[in-house]
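Printed here is upload-v5.tsv (TSV, C-alpha atoms):
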chain	number	residue	atom	x	y	z
Z	357	MET	CA	20.80	34.98	37.16
Z	358	SER	CA	18.90	33.48	40.09
Z	359	PHE	CA	18.27	29.81	40.79
Z	360	THR	CA	14.69	30.12	39.53
Z	361	ASP	CA	15.87	31.61	36.26
Z	362	ARG	CA	18.38	28.81	35.80
Z	363	LEU	CA	15.72	26.23	36.59
Z	364	LEU	CA	13.34	27.68	34.02
Z	365	LEU	CA	16.12	27.75	31.45
Z	366	TRP	CA	17.00	24.12	32.10
Z	367	PHE	CA	13.35	23.11	31.76
Z	368	HIS	CA	13.26	24.99	28.47
Z	369	ILE	CA	16.38	23.19	27.21
Z	370	GLY	CA	15.10	19.84	28.47
Z	371	PHE	CA	11.87	20.15	26.51
Z	372	VAL	CA	13.88	21.10	23.42
Z	373	ILE	CA	15.95	17.93	23.70
Z	374	PHE	CA	13.25	15.45	24.68
Z	375	ALA	CA	10.34	16.87	22.63
Z	376	ILE	CA	11.74	18.59	19.54
Z	377	GLY	CA	14.21	15.78	18.83
Z	378	PRO	CA	11.71	12.88	18.73
Z	379	VAL	CA	9.06	14.81	16.79
Z	380	THR	CA	11.66	15.76	14.17
Z	381	ILE	CA	12.81	12.16	13.79
Z	382	ALA	CA	9.20	10.93	13.53
Z	383	THR	CA	8.23	13.42	10.83
Z	384	MET	CA	11.40	12.89	8.81
Z	385	SER	CA	11.01	9.08	8.95
Z	386	THR	CA	7.36	9.01	7.87
Z	387	PRO	CA	7.90	9.29	4.06
Z	388	ARG	CA	10.17	6.25	4.04
Z	389	TYR	CA	7.53	4.02	5.62
Z	390	ILE	CA	4.76	5.42	3.43
Z	391	ARG	CA	6.79	4.21	0.47
Z	392	ALA	CA	7.28	0.82	2.17
Z	393	ARG	CA	3.53	0.70	2.99
Z	394	ASN	CA	4.25	-0.31	6.58
Z	395	VAL	CA	1.03	0.62	8.35
Z	396	ASP	CA	2.16	-0.46	11.84
Z	397	VAL	CA	5.22	1.79	11.77
Z	398	LEU	CA	3.20	4.63	10.26
Z	399	ARG	CA	0.69	4.45	13.11
Z	400	TYR	CA	3.56	4.51	15.60
Z	401	LEU	CA	5.17	7.51	13.91
Z	402	SER	CA	1.83	9.34	13.78
Z	403	ARG	CA	1.26	8.70	17.48
Z	404	THR	CA	4.82	9.83	18.26
Z	405	THR	CA	4.28	13.03	16.28
Z	406	ARG	CA	1.08	13.81	18.19
Z	407	ILE	CA	2.53	13.10	21.62
Z	408	PHE	CA	5.84	14.91	21.23
Z	409	GLY	CA	4.21	17.66	19.16
Z	410	ALA	CA	2.00	18.39	22.16
Z	411	ALA	CA	5.01	18.11	24.49
Z	412	SER	CA	6.84	20.70	22.40
Z	413	LEU	CA	4.41	23.28	23.77
Z	414	GLY	CA	6.51	23.02	26.93
Z	415	VAL	CA	9.38	24.59	24.98
Z	416	LEU	CA	7.18	27.57	24.20
Z	417	LEU	CA	5.76	27.78	27.72
Z	418	PHE	CA	9.05	27.68	29.60
Z	419	GLY	CA	10.69	29.86	26.96
Z	420	VAL	CA	8.10	32.59	27.47
Z	421	ILE	CA	8.33	32.32	31.28
Z	422	ALA	CA	12.14	32.42	31.19
Z	423	GLY	CA	12.08	35.36	28.76
Z	424	GLN	CA	9.77	37.35	31.02
Z	425	SER	CA	11.88	36.52	34.06
Z	426	LEU	CA	15.06	37.64	32.30
Z	427	HIS	CA	13.34	40.67	30.72
Z	428	ASP	CA	14.22	39.50	27.21
Z	429	MET	CA	10.74	39.46	25.67
Z	430	THR	CA	11.20	42.81	23.94
Z	431	LYS	CA	14.35	41.75	22.13
Z	432	THR	CA	14.22	41.08	18.39
Z	433	TRP	CA	15.66	37.58	18.47
Z	434	VAL	CA	13.09	36.46	21.06
Z	435	THR	CA	10.20	37.83	18.99
Z	436	ALA	CA	11.55	36.18	15.84
Z	437	SER	CA	12.02	32.88	17.65
Z	438	LEU	CA	8.47	32.93	19.03
Z	439	THR	CA	7.05	33.69	15.59
Z	440	LEU	CA	9.02	30.89	13.95
Z	441	PHE	CA	8.00	28.48	16.69
Z	442	VAL	CA	4.30	29.20	16.12
Z	443	VAL	CA	4.79	28.66	12.37
Z	444	ALA	CA	6.49	25.33	13.12
Z	445	LEU	CA	3.56	24.25	15.30
Z	446	VAL	CA	1.11	25.05	12.50
Z	447	LEU	CA	3.20	23.02	10.05
Z	448	LEU	CA	3.29	20.14	12.55
Z	449	MET	CA	-0.50	20.13	12.61
Z	450	LEU	CA	-0.53	19.91	8.81
Z	451	ILE	CA	1.93	17.02	8.98
Z	452	MET	CA	-0.32	15.18	11.45
Z	453	ARG	CA	-3.25	15.63	9.07
Z	454	ASP	CA	-1.20	14.32	6.13
Z	455	GLN	CA	0.01	11.36	8.19
Z	456	HIS	CA	-3.60	10.38	8.87
Z	457	LYS	CA	-4.47	10.68	5.17
Z	458	ALA	CA	-1.42	8.62	4.19
Z	459	ILE	CA	-2.26	5.86	6.68
Z	460	THR	CA	-5.83	5.70	5.35
Z	461	ALA	CA	-4.59	5.52	1.75
Z	462	VAL	CA	-2.00	2.82	2.52
Z	463	GLU	CA	-4.58	0.74	4.39
Z	464	ALA	CA	-7.00	1.06	1.47
Z	465	SER	CA	-4.33	0.05	-1.06
Z	466	LEU	CA	-3.37	-2.98	1.02
Z	467	ALA	CA	-7.03	-3.97	1.38
Z	468	ALA	CA	-7.55	-3.69	-2.39
Z	469	ALA	CA	-4.45	-5.79	-3.15
Z	470	PRO	CA	-3.58	-7.72	0.02
Z	471	GLY	CA	-1.34	-10.23	-1.73
Z	472	ILE	CA	1.04	-7.66	-3.21
Z	473	PRO	CA	3.33	-6.14	-0.59
Z	474	ALA	CA	5.31	-3.03	-1.36
Z	475	GLY	CA	8.18	-3.59	-3.75
Z	476	GLU	CA	7.24	-7.17	-4.63
Z	477	ALA	CA	5.86	-6.36	-8.06
Z	478	ALA	CA	8.98	-4.39	-8.95
Z	479	ALA	CA	11.15	-7.27	-7.73
Z	480	LEU	CA	9.17	-9.98	-9.50
Z	481	ALA	CA	9.20	-8.29	-12.91
Z	482	PRO	CA	13.00	-8.34	-13.40
Z	483	ALA	CA	13.15	-11.85	-11.98
Z	484	ALA	CA	10.54	-13.11	-14.41
Z	485	SER	CA	12.28	-11.36	-17.29
Z	486	SER	CA	15.63	-12.90	-16.33
Z	487	ALA	CA	14.12	-16.36	-15.99
Z	488	ARG	CA	12.49	-16.03	-19.39
Z	489	ALA	CA	15.75	-14.82	-20.93
Z	490	GLY	CA	17.74	-17.73	-19.49
Z	491	ARG	CA	15.26	-20.40	-20.60
Z	492	PRO	CA	16.31	-22.26	-23.81
Z	493	GLU	CA	14.07	-21.96	-26.81
Z	494	PRO	CA	11.88	-25.05	-27.42
Z	495	THR	CA	12.82	-27.27	-30.37
Z	496	ALA	CA	10.53	-29.12	-32.73
Z	497	ALA	CA	11.02	-32.33	-30.74
Z	498	ASP	CA	9.82	-30.63	-27.56
Z	499	VAL	CA	6.56	-29.48	-29.11
Z	500	GLU	CA	3.76	-31.99	-28.67
Z	501	PRO	CA	1.11	-32.30	-31.36
Z	502	ALA	CA	-2.11	-30.49	-30.62
Z	503	PRO	CA	-5.08	-32.73	-29.70
Z	504	ALA	CA	-8.02	-33.08	-31.99
Z	505	GLU	CA	-10.47	-30.22	-31.84
Z	506	GLU	CA	-13.75	-30.84	-30.06
Z	507	PRO	CA	-16.96	-28.88	-30.18
Z	508	VAL	CA	-16.52	-26.69	-27.15
Z	509	THR	CA	-18.38	-23.66	-28.33
Z	510	ALA	CA	-20.57	-23.43	-25.23
Z	511	ASN	CA	-17.62	-23.95	-22.88
Z	512	VAL	CA	-15.60	-21.32	-24.69
Z	513	ALA	CA	-18.46	-18.86	-24.48
Z	514	ALA	CA	-18.94	-19.51	-20.76
Z	515	GLY	CA	-15.22	-19.33	-20.12
Z	516	GLY	CA	-14.98	-16.13	-22.11
Z	517	GLY	CA	-17.73	-14.55	-20.03
Z	518	ALA	CA	-16.01	-15.58	-16.80
Z	519	THR	CA	-12.68	-14.30	-18.08
Z	520	GLY	CA	-14.25	-11.01	-19.09
Z	521	SER	CA	-15.88	-10.50	-15.71
Z	522	GLY	CA	-12.63	-11.45	-13.98
Z	523	ALA	CA	-10.71	-8.99	-16.09
Z	524	THR	CA	-13.25	-6.30	-15.31
Z	525	GLY	CA	-12.99	-6.99	-11.57
Z	526	GLY	CA	-9.21	-7.07	-11.75
Z	527	GLY	CA	-9.18	-3.79	-13.64
Z	528	ALA	CA	-11.42	-2.13	-11.04
Z	529	THR	CA	-9.24	-3.44	-8.19
Z	530	GLY	CA	-6.11	-2.27	-9.96
Z	531	ALA	CA	-7.58	1.17	-10.55
Z	532	ALA	CA	-8.61	1.50	-6.89
Z	533	THR	CA	-5.19	0.39	-5.72
Z	534	ALA	CA	-3.46	2.79	-8.10
Z	535	ALA	CA	-5.64	5.66	-6.89
Z	536	GLN	CA	-4.82	4.98	-3.23
Z	537	VAL	CA	-1.12	4.59	-4.00
Z	538	LEU	CA	-1.23	7.94	-5.78
Z	539	VAL	CA	-2.81	9.56	-2.72
Z	540	ALA	CA	-0.15	8.04	-0.46
Z	541	THR	CA	2.59	9.25	-2.81
Z	542	VAL	CA	1.22	12.80	-2.78
Z	543	GLU	CA	1.03	12.79	1.02
Z	544	ARG	CA	4.55	11.38	1.20
Z	545	GLY	CA	5.85	14.33	-0.81
Z	546	ARG	CA	3.91	16.83	1.29
Z	547	ILE	CA	5.16	15.36	4.56
Z	548	ALA	CA	8.75	15.29	3.33
Z	549	SER	CA	8.55	18.95	2.28
Z	550	LEU	CA	6.85	20.16	5.45
Z	551	ALA	CA	9.15	18.13	7.70
Z	552	GLY	CA	12.16	19.66	5.96
Z	553	VAL	CA	10.78	23.18	6.50
Z	554	VAL	CA	10.06	22.45	10.17
Z	555	SER	CA	13.58	21.10	10.70
Z	556	LEU	CA	15.00	24.23	9.07
Z	557	ILE	CA	12.89	26.39	11.41
Z	558	TRP	CA	14.25	24.51	14.44
Z	559	LEU	CA	17.76	25.15	13.17
Z	560	VAL	CA	17.12	28.88	12.68
Z	561	ILE	CA	15.65	29.16	16.19
Z	562	LEU	CA	18.69	27.38	17.61
Z	563	VAL	CA	21.01	29.84	15.84
Z	564	LEU	CA	19.00	32.76	17.23
Z	565	MET	CA	19.13	31.32	20.75
Z	566	VAL	CA	22.90	30.94	20.61
Z	567	TRP	CA	23.81	34.05	18.61
Z	568	ARG	CA	21.24	36.44	20.17
Z	569	PRO	CA	21.66	39.26	17.60
Can the structure from this file be put into structure tokens for me?
Amino acid sequence: MSFTDRLLLWFHIGFVIFAIGPVTIATMSTPRYIRARNVDVLRYLSRTTRIFGAASLGVLLFGVIAGQSLHDMTKTWVTASLTLFVVALVLLMLIMRDQHKAITAVEASLAAAPGIPAGEAAALAPAASSARAGRPEPTAADVEPAPAEEPVTANVAAGGGATGSGATGGGATGAATAAQVLVATVERGRIASLAGVVSLIWLVILVLMVWRP
């Protein structure tokens, strides 16, 4: 093996380490932050996936050049590795698309309910239930007599209308938030599945590179 062949091989290995590694970590970490609804981290992971996904083309480029230089392109394991690599690139493009959809859905859900961060509702419900359970029951002495009734028919009607409109608005906001959360959940499952398949493809290619059947 000449110096040029060794240099090409080292470039090939270098791109594997510094491109495949980061893009795998970014895709595998995305579902966790979709669930946490952390838009800033999601944007960073999406940008990382795009940058290192493009850099992973260097693995293919230097691999093909090194294979031609070493006259290995006709071997079965090289052909299988190239085919799997192209499949992995296609899946990476699908992951990038799903990341963009998930970011849009998370942003929309946060805009519809800005005061409810991820996990807060689930944390507040048990806390409220525990506080209610630990509160002593009121006795007869604690109950104040009700004030005399006044003619508030008009006020009740107006208040009822306002309450009804508020409930309608709250219901619409809740429905929109639930719809966007559902979209983000679907994309989270898709990204997790595709990222797992891509990682498995990288592992198979690595085995083929080392074993060379």
Identify, on the basis of all atoms listed in the file, every residue whose closest approach to Leu448 (chain Z) does not exceed 10 Å; exclude the query and any residue fewer than 3 positions from it along the same chain; express the result as a ChimeraX atom specification. /Z:379-380,383,405-406,409-410,442-445,451-454,547,550-551,554
What lies within 9 Å of region 389-396 of chain Z using only C-alpha atoms, ignoring chain neighbours under 4 positions off, as a VMD selection string? chain Z and resid 385 400 to 401 455 458 to 459 462 to 463 465 to 466 473 to 475 540 to 541 543 to 544
Can you list, as a ChimeraX atom specification, every protein, DNA or RNA residue that comes within 9 Å of Lys431 (chain Z) when you count all atoms listed in the file, leaving out same-chain residues fewer than 5 positions away? /Z:436,568-569
Close residues, Ile557 (chain Z) itself excluded, 8 Å, only C-alpha atoms, min 3 positions apart in chain, as a PyMOL selection string: chain Z and resi 440-441+444+553-554+560-561
Next, the residues of the selection above should be written as a PDB file, in the coordinates of the input with C-alpha atoms.
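What ended up in again-v2.pdb:
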ATOM      1  CA  LEU Z 440       9.020  30.890  13.950  1.00  0.00           C
ATOM      2  CA  PHE Z 441       8.000  28.480  16.690  1.00  0.00           C
ATOM      3  CA  ALA Z 444       6.490  25.330  13.120  1.00  0.00           C
ATOM      4  CA  VAL Z 553      10.780  23.180   6.500  1.00  0.00           C
ATOM      5  CA  VAL Z 554      10.060  22.450  10.170  1.00  0.00           C
ATOM      6  CA  VAL Z 560      17.120  28.880  12.680  1.00  0.00           C
ATOM      7  CA  ILE Z 561      15.650  29.160  16.190  1.00  0.00           C
TER       8      ILE Z 561
END
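Our summary of the geometry notes that CA of Met449 (chain Z) is positioned 26.5 Å from CA of Trp366 (chain Z).
With CA of Pro378 (chain Z) on one side and CA of Phe408 (chain Z) on the other, the separation reads 6.7 Å.
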Could you give me the centre and size, in Å to one decimal, of an axis-aligned box around all listed atoms of region 544-549 of chain Z with 6 Å added on every side, as lines of an AutoDock Vina configuration file?
center_x = 6.3
center_y = 15.2
center_z = 1.9
size_x = 16.8
size_y = 19.6
size_z = 17.4
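Nearest to Thr460 (chain Z) of all the residues Z:Ala422, Z:Val434, Z:Ile373, Z:Val537 is Z:Val537, based on all atoms listed in the file.
Distances from Z:Leu416, Z:Val397, Z:Val446, Z:Ala461 to Leu538 (chain Z) were compared using only C-alpha atoms, and the smallest one belongs to Z:Ala461.
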Between CA of Leu398 (chain Z) and CA of Leu450 (chain Z), what is the distance, to one decimal in Å? 15.8 Å
